[in-house]
Amino acid sequence: MDARGSETSDALAATLGSEAIEPAGRAKRLRLRPLASLLPLLWRYQGLMLAAGAAILLAALATLAVPVAVRRMIDQGFSHENAALIDNYFAVMIGVVAVLAAASALRYYFVAVLGERVVADLRTKVFERLTALSAAFFDTAKTGEMVSRLTADTTLIKAAVGSSVSVALRNLVLFGGASVMMVVTSPRLSGFVLIAIPVIVLPLVAFGRLVRRRSRGAQDTLADASAYAAELIGAIRTLQAFTNERLATARFGAAVERAFLAARDSTRARGWLTAFVIFLIFASVVAILWVGAQDVIAERMTAGRLGQFVLYAAFAAGALGELSQVWGEIAQASGAAERLSELLAVEPVIKKPEQPIAFPETASAEVSFERVRFAYPTRPGAFVLNDVTFRVSRGEKVAIVGPSGAGKSTIFHLLLRFYDPASGAVTFNGVRLTEADPAELRRRIALVPQDVTIFAASAADNIRFGRPEASDAEVKRAAELALADEFIRAMPQGYDSPIGERGVTLSGGQRQRIAIARAILRDAPLLLLDEATSSLDAESETQVQAALEQLMQGRTTIVIAHRLSTVLSCDRILVMEEGRVVEEGRHDTLAAQGGLYARLAKLQFEPG
């Protein structure tokens, strides 16, 4: 039984506890703190960081050397007597420009490589976290939104780390150096600058917070649109079969429009921030230049020294102006880092114990349920299993039957430890699942689900998914046993033929045979078959059933079936209804009892 649904982030946090993404409302109160989560990733590449820092410093020093040369040229005067001196100054300036160009190129290279490297590591880390999260998380999470965080958000961070942060650092260094040289050049004029700085910086901080909030909203809205698009593309055949293209396009267009409006609001805020700060900066420069001109007239300073001061003031103002622009980009990256940090902070509900108990190595498995009660986290009050108790011995073949919603698939979910029961215990070879490593448990189970997952890879790779280290001969043998070899060899490239995303080039029966071959290749002690032959025609079902009978020899097998013809040979049949085991026995015994199984058998085996 699949009890999954879509909930809001608040409901998710309430029902899943630690395994939930924090609501955005709390995150909006933060500023650039999320970017601090990138420091451990950056710290791995200290060499690149030091090289980039050295290049930034060298470029800043080269820039700050130019006004000194300009002051001396102005004060020396432009005359024939000083022509050689002026030529020397210009030659030195060419050298300074060459150093500036080389340092800038090195800064760009080191910072860009650092950004690419950090984002590659971050994407791997986020994907690794996603694959480790429990099934409860994905009961409510939107796949498209997770993909958006993994791609779009990391791209924003790459732009920040690989460009915006280095620009910000360069301008911070340039602003600091220019400020120091302004004080050295004219303490009096620098005093006027100190008065102007708070007038500039305070609006920068206030507008920066607004930009960050708008950026986060734009990113969240875009993620919603991406999630909707991913869902529709994944169900394109259903969409077209019901001729709902216009409806889907209209809904997606509305989502995109909301994303556009959010992005426009963010851009408008950044535009106002840039215009406001640049006006304040250069208005301050003009005012200080007027004061300096009065000092030159009064002979309190030379024209060259005023020129030097003005250049440093222009450098400082330009650096502060660029900071106002990259601040918005850094704020966007902060919002992206915040969203990724939310994912990385989610802890799986199902995890490995500190001291897991090892499973005994056996060719078959023994499984038991002892007074198990369970409700899905999305519906904590609706118990899907109620006081379920049964035992499956080693090598036994047991079928679970019953009407839809009886709790059959939930048995498999608990056996695979996608969830833990609310009460009672599930054991595998005598070990409680909560005391064992989930990965070690799942290595001992082969699953053939009703809804087969086929990857956008070759036929061989899809079968080899059951055991990645398997040889080509083992893959071919598994396909033969599953009666998949014939149609695979008929493909243009045989086992190397791509079979399309979700197996769109295969029939339902062919997809099922690929899944059976995958389970055969896994060669696990416990075999779980969830309607394993449901998509096969009568002839293929008979052949595959024979292959499965051979596979099940010496292994413990649990079969979920609606078609009772597939469970006639089982050692035992468990009949479930409303989350309870209501009957148990072989086919003949149950059919004679006149209970639920007898009614189901009558419907299937006796003509209308």
# chains A, B, ... in the order shown; residues from 1 in each chain; ligands from 1
$ residues_around --residues "Val183 of chain A" --least-positions-apart "5" --cutoff "12 Å" --atoms "only C-alpha atoms" --output "ChimeraX atom specification"
/A:176-178,188-194,305,308-310,312-313
$ write_last_selection --atoms "N, CA and C atoms" --output "short mmCIF file (atom, residue, chain, number, x, y, z; two decimals), in the first residue's frame"
data_model
loop_
_atom_site.label_atom_id
_atom_site.label_comp_id
_atom_site.auth_asym_id
_atom_site.auth_seq_id
_atom_site.Cartn_x
_atom_site.Cartn_y
_atom_site.Cartn_z
N GLY A 176 40.20 49.61 0.94
CA GLY A 176 41.04 49.79 2.13
C GLY A 176 42.35 50.50 1.81
N GLY A 177 43.01 50.06 0.71
CA GLY A 177 44.27 50.69 0.33
C GLY A 177 44.08 52.14 -0.07
N ALA A 178 43.03 52.41 -0.85
CA ALA A 178 42.77 53.79 -1.28
C ALA A 178 42.45 54.68 -0.09
N ARG A 188 43.04 66.19 6.06
CA ARG A 188 41.88 67.09 6.17
C ARG A 188 40.74 66.62 5.26
N LEU A 189 41.06 66.37 3.99
CA LEU A 189 40.01 65.91 3.07
C LEU A 189 39.48 64.53 3.46
N SER A 190 40.37 63.72 4.03
CA SER A 190 39.94 62.38 4.46
C SER A 190 38.90 62.47 5.56
N GLY A 191 38.98 63.51 6.38
CA GLY A 191 37.98 63.68 7.42
C GLY A 191 36.59 63.85 6.84
N PHE A 192 36.49 64.60 5.71
CA PHE A 192 35.19 64.75 5.05
C PHE A 192 34.69 63.40 4.52
N VAL A 193 35.64 62.58 4.04
CA VAL A 193 35.26 61.26 3.53
C VAL A 193 34.69 60.40 4.65
N LEU A 194 35.34 60.45 5.82
CA LEU A 194 34.87 59.65 6.96
C LEU A 194 33.45 60.01 7.35
N ARG A 305 48.92 66.92 -5.58
CA ARG A 305 48.43 66.18 -4.40
C ARG A 305 46.90 66.07 -4.44
N GLN A 308 46.16 63.40 -6.88
CA GLN A 308 46.40 62.08 -6.25
C GLN A 308 45.24 61.72 -5.34
N PHE A 309 44.80 62.68 -4.53
CA PHE A 309 43.71 62.40 -3.59
C PHE A 309 42.42 62.07 -4.35
N VAL A 310 42.17 62.84 -5.42
CA VAL A 310 40.94 62.60 -6.19
C VAL A 310 40.96 61.21 -6.81
N TYR A 312 42.54 58.55 -5.66
CA TYR A 312 42.30 57.57 -4.60
C TYR A 312 40.83 57.59 -4.16
N ALA A 313 40.28 58.79 -4.11
CA ALA A 313 38.86 58.89 -3.77
C ALA A 313 37.99 58.21 -4.83
#
$ residues_around --residues "Pro403 of chain A" --least-positions-apart "6" --cutoff "9 Å" --atoms "only C-alpha atoms" --output "ChimeraX atom specification"
/A:562,576-578,600
$ residues_around --residues "segment 153-159 of chain A" --least-positions-apart "3" --cutoff "9 Å" --atoms "only C-alpha atoms" --output "PyMOL selection string"
chain A and resi 35+112+114-120+122-123+148-150+162-165+219+329-330+332-337+339-340
$ closest_residue --among "A:Gly595, A:Pro449, A:Pro438, A:Gly579" --to "Val388 of chain A" --atoms "only C-alpha atoms"
A:Gly579
$ atom_distance --atom1 "atom CA of Glu584 of chain A" --atom2 "atom CA of Ala532 of chain A"
21.6 Å
$ select_by_dssp --residues "segment 342-379 of chain A" --states "strand (DSSP E or B)" --output "number ranges by chain"
A: 367-375
$ residues_around --residues "Val559 of chain A" --least-positions-apart "2" --cutoff "10 Å" --atoms "only C-alpha atoms" --output "MDAnalysis selection string"
chainID A and resid 397:401 408 412 448 527:532 557 561:562 566:567 570 573:574
$ write_last_selection --atoms "N, CA, C and O atoms" --output "PDB file, in the first residue's frame"
ATOM      1  N   LYS A 397       8.325 -20.387   0.867  1.00  0.00           N
ATOM      2  CA  LYS A 397       7.727 -19.480  -0.108  1.00  0.00           C
ATOM      3  C   LYS A 397       6.332 -19.115   0.395  1.00  0.00           C
ATOM      4  O   LYS A 397       5.439 -19.960   0.462  1.00  0.00           O
ATOM      5  N   VAL A 398       6.162 -17.842   0.735  1.00  0.00           N
ATOM      6  CA  VAL A 398       4.927 -17.370   1.346  1.00  0.00           C
ATOM      7  C   VAL A 398       4.312 -16.294   0.461  1.00  0.00           C
ATOM      8  O   VAL A 398       5.008 -15.397  -0.022  1.00  0.00           O
ATOM      9  N   ALA A 399       3.010 -16.395   0.252  1.00  0.00           N
ATOM     10  CA  ALA A 399       2.281 -15.388  -0.521  1.00  0.00           C
ATOM     11  C   ALA A 399       1.454 -14.526   0.424  1.00  0.00           C
ATOM     12  O   ALA A 399       0.954 -15.007   1.447  1.00  0.00           O
ATOM     13  N   ILE A 400       1.323 -13.243   0.069  1.00  0.00           N
ATOM     14  CA  ILE A 400       0.468 -12.319   0.810  1.00  0.00           C
ATOM     15  C   ILE A 400      -0.582 -11.821  -0.162  1.00  0.00           C
ATOM     16  O   ILE A 400      -0.256 -11.220  -1.195  1.00  0.00           O
ATOM     17  N   VAL A 401      -1.847 -12.069   0.146  1.00  0.00           N
ATOM     18  CA  VAL A 401      -2.930 -11.654  -0.733  1.00  0.00           C
ATOM     19  C   VAL A 401      -3.943 -10.852   0.074  1.00  0.00           C
ATOM     20  O   VAL A 401      -3.916 -10.846   1.305  1.00  0.00           O
ATOM     21  N   LYS A 408      -0.395  -4.877   2.163  1.00  0.00           N
ATOM     22  CA  LYS A 408       0.560  -5.850   1.625  1.00  0.00           C
ATOM     23  C   LYS A 408       1.906  -5.203   1.288  1.00  0.00           C
ATOM     24  O   LYS A 408       2.967  -5.675   1.711  1.00  0.00           O
ATOM     25  N   PHE A 412       6.461  -5.049   2.696  1.00  0.00           N
ATOM     26  CA  PHE A 412       7.741  -4.937   1.994  1.00  0.00           C
ATOM     27  C   PHE A 412       8.498  -3.678   2.427  1.00  0.00           C
ATOM     28  O   PHE A 412       9.714  -3.708   2.597  1.00  0.00           O
ATOM     29  N   VAL A 448      11.537  -7.375  -6.830  1.00  0.00           N
ATOM     30  CA  VAL A 448      10.909  -7.163  -8.134  1.00  0.00           C
ATOM     31  C   VAL A 448       9.600  -6.423  -7.878  1.00  0.00           C
ATOM     32  O   VAL A 448       8.602  -7.030  -7.479  1.00  0.00           O
ATOM     33  N   LEU A 527      13.921 -13.004  -1.385  1.00  0.00           N
ATOM     34  CA  LEU A 527      13.386 -12.514  -2.652  1.00  0.00           C
ATOM     35  C   LEU A 527      11.984 -11.967  -2.395  1.00  0.00           C
ATOM     36  O   LEU A 527      11.123 -12.653  -1.845  1.00  0.00           O
ATOM     37  N   LEU A 528      11.772 -10.711  -2.773  1.00  0.00           N
ATOM     38  CA  LEU A 528      10.465 -10.071  -2.617  1.00  0.00           C
ATOM     39  C   LEU A 528       9.877  -9.842  -4.007  1.00  0.00           C
ATOM     40  O   LEU A 528      10.465  -9.127  -4.828  1.00  0.00           O
ATOM     41  N   LEU A 529       8.720 -10.441  -4.262  1.00  0.00           N
ATOM     42  CA  LEU A 529       8.064 -10.316  -5.556  1.00  0.00           C
ATOM     43  C   LEU A 529       6.738  -9.594  -5.365  1.00  0.00           C
ATOM     44  O   LEU A 529       5.813 -10.142  -4.748  1.00  0.00           O
ATOM     45  N   ASP A 530       6.645  -8.390  -5.888  1.00  0.00           N
ATOM     46  CA  ASP A 530       5.413  -7.605  -5.778  1.00  0.00           C
ATOM     47  C   ASP A 530       4.724  -7.612  -7.139  1.00  0.00           C
ATOM     48  O   ASP A 530       5.031  -6.810  -8.020  1.00  0.00           O
ATOM     49  N   GLU A 531       3.795  -8.531  -7.318  1.00  0.00           N
ATOM     50  CA  GLU A 531       3.114  -8.673  -8.606  1.00  0.00           C
ATOM     51  C   GLU A 531       4.137  -8.809  -9.735  1.00  0.00           C
ATOM     52  O   GLU A 531       4.070  -8.114 -10.753  1.00  0.00           O
ATOM     53  N   ALA A 532       5.118  -9.709  -9.575  1.00  0.00           N
ATOM     54  CA  ALA A 532       6.273  -9.774 -10.468  1.00  0.00           C
ATOM     55  C   ALA A 532       5.916 -10.159 -11.891  1.00  0.00           C
ATOM     56  O   ALA A 532       6.663  -9.854 -12.824  1.00  0.00           O
ATOM     57  N   THR A 557      11.212 -16.665  -0.045  1.00  0.00           N
ATOM     58  CA  THR A 557      10.502 -15.820  -0.999  1.00  0.00           C
ATOM     59  C   THR A 557       9.175 -15.369  -0.401  1.00  0.00           C
ATOM     60  O   THR A 557       8.440 -16.177   0.177  1.00  0.00           O
ATOM     61  N   ALA A 561       0.506 -10.813  -4.363  1.00  0.00           N
ATOM     62  CA  ALA A 561      -0.209 -11.127  -5.599  1.00  0.00           C
ATOM     63  C   ALA A 561      -1.681 -10.785  -5.468  1.00  0.00           C
ATOM     64  O   ALA A 561      -2.293 -10.992  -4.415  1.00  0.00           O
ATOM     65  N   HIS A 562      -2.225 -10.249  -6.565  1.00  0.00           N
ATOM     66  CA  HIS A 562      -3.672 -10.120  -6.688  1.00  0.00           C
ATOM     67  C   HIS A 562      -4.231 -11.294  -7.493  1.00  0.00           C
ATOM     68  O   HIS A 562      -5.340 -11.753  -7.248  1.00  0.00           O
ATOM     69  N   THR A 566      -1.018 -17.203  -9.388  1.00  0.00           N
ATOM     70  CA  THR A 566       0.434 -17.171  -9.213  1.00  0.00           C
ATOM     71  C   THR A 566       0.884 -17.649  -7.836  1.00  0.00           C
ATOM     72  O   THR A 566       2.082 -17.769  -7.601  1.00  0.00           O
ATOM     73  N   VAL A 567      -0.049 -17.924  -6.914  1.00  0.00           N
ATOM     74  CA  VAL A 567       0.350 -18.308  -5.559  1.00  0.00           C
ATOM     75  C   VAL A 567      -0.080 -19.729  -5.208  1.00  0.00           C
ATOM     76  O   VAL A 567       0.066 -20.160  -4.064  1.00  0.00           O
ATOM     77  N   CYS A 570       2.612 -21.853  -3.577  1.00  0.00           N
ATOM     78  CA  CYS A 570       3.291 -21.345  -2.381  1.00  0.00           C
ATOM     79  C   CYS A 570       3.088 -22.300  -1.204  1.00  0.00           C
ATOM     80  O   CYS A 570       2.056 -22.980  -1.083  1.00  0.00           O
ATOM     81  N   ILE A 573      -0.059 -19.200   2.473  1.00  0.00           N
ATOM     82  CA  ILE A 573      -0.673 -17.959   2.007  1.00  0.00           C
ATOM     83  C   ILE A 573      -1.175 -17.185   3.219  1.00  0.00           C
ATOM     84  O   ILE A 573      -1.887 -17.745   4.067  1.00  0.00           O
ATOM     85  N   LEU A 574      -0.794 -15.908   3.305  1.00  0.00           N
ATOM     86  CA  LEU A 574      -1.314 -15.011   4.340  1.00  0.00           C
ATOM     87  C   LEU A 574      -2.364 -14.118   3.702  1.00  0.00           C
ATOM     88  O   LEU A 574      -2.103 -13.471   2.681  1.00  0.00           O
TER      89      LEU A 574
END
$ residues_around --residues "Ala598 of chain A" --least-positions-apart "2" --cutoff "12 Å" --atoms "only C-alpha atoms" --output "list in words"
Val401, Gly402, Leu564, Val575, Glu583, Glu584, Gly585, Arg586, His587, Asp588, Thr589, Leu590, Ala591, Ala592, Gln593, Gly594, Gly595, Leu596, Leu600, Ala601, Lys602, Leu603, Gln604, Phe605 and Glu606 of chain A
$ select_by_dssp --residues "segment 435-523 of chain A" --states "alpha helix (DSSP H)" --output "PyMOL selection string"
chain A and resi 438-442+459-464+472-481+485-489+508-522
$ residues_around --residues "Val92 of chain A" --least-positions-apart "3" --cutoff "12 Å" --atoms "only C-alpha atoms" --output "list in words"
Ala62, Ala65, Val66, Val68, Ala69, Val70, Met73, Leu85, Ile86, Asp87, Asn88, Tyr89, Gly95, Val96, Val97, Ala98 and Val99 of chain A
$ write_last_selection --atoms "N, CA and C atoms" --output "tab-separated table (two decimals), in the first residue's frame"
chain	number	residue	atom	x	y	z
A	62	ALA	N	49.18	47.39	-7.60
A	62	ALA	CA	49.51	48.00	-8.90
A	62	ALA	C	48.57	49.17	-9.19
A	65	ALA	N	49.41	52.28	-7.14
A	65	ALA	CA	50.67	52.96	-7.48
A	65	ALA	C	50.47	54.04	-8.52
A	66	VAL	N	49.40	53.96	-9.29
A	66	VAL	CA	49.19	54.90	-10.40
A	66	VAL	C	49.03	56.35	-9.91
A	68	VAL	N	50.25	57.95	-7.42
A	68	VAL	CA	51.53	58.53	-6.98
A	68	VAL	C	52.29	59.06	-8.17
A	69	ALA	N	52.35	58.28	-9.25
A	69	ALA	CA	53.04	58.72	-10.46
A	69	ALA	C	52.34	59.94	-11.07
A	70	VAL	N	51.01	59.93	-11.04
A	70	VAL	CA	50.27	61.07	-11.59
A	70	VAL	C	50.58	62.35	-10.81
A	73	MET	N	54.01	63.71	-11.72
A	73	MET	CA	54.04	64.31	-13.06
A	73	MET	C	53.39	65.69	-13.04
A	85	LEU	N	62.04	62.93	-17.60
A	85	LEU	CA	61.43	62.43	-16.36
A	85	LEU	C	60.01	61.94	-16.61
A	86	ILE	N	59.27	62.70	-17.41
A	86	ILE	CA	57.90	62.30	-17.72
A	86	ILE	C	57.88	60.98	-18.50
A	87	ASP	N	58.86	60.85	-19.45
A	87	ASP	CA	58.96	59.58	-20.19
A	87	ASP	C	59.20	58.41	-19.24
A	88	ASN	N	60.05	58.62	-18.25
A	88	ASN	CA	60.32	57.55	-17.27
A	88	ASN	C	59.06	57.19	-16.48
A	89	TYR	N	58.32	58.23	-16.08
A	89	TYR	CA	57.09	57.97	-15.33
A	89	TYR	C	56.10	57.15	-16.17
A	95	GLY	N	54.70	49.51	-17.07
A	95	GLY	CA	55.07	48.32	-16.29
A	95	GLY	C	54.03	47.99	-15.24
A	96	VAL	N	53.52	49.04	-14.58
A	96	VAL	CA	52.48	48.83	-13.56
A	96	VAL	C	51.23	48.24	-14.20
A	97	VAL	N	50.86	48.75	-15.36
A	97	VAL	CA	49.68	48.23	-16.07
A	97	VAL	C	49.88	46.77	-16.46
A	98	ALA	N	51.10	46.42	-16.88
A	98	ALA	CA	51.38	45.02	-17.23
A	98	ALA	C	51.22	44.12	-16.02
A	99	VAL	N	51.74	44.59	-14.87
A	99	VAL	CA	51.58	43.81	-13.63
A	99	VAL	C	50.11	43.67	-13.28
$ atom_distance --atom1 "atom CA of Pro468 of chain A" --atom2 "atom CA of Ala135 of chain A"
22.8 Å
$ closest_residue --among "A:Arg572, A:Arg444, A:Arg522, A:Arg489" --to "Pro360 of chain A" --atoms "only C-alpha atoms"
A:Arg444
$ atom_distance --atom1 "atom CA of Thr243 of chain A" --atom2 "atom CA of Lys142 of chain A"
24.2 Å
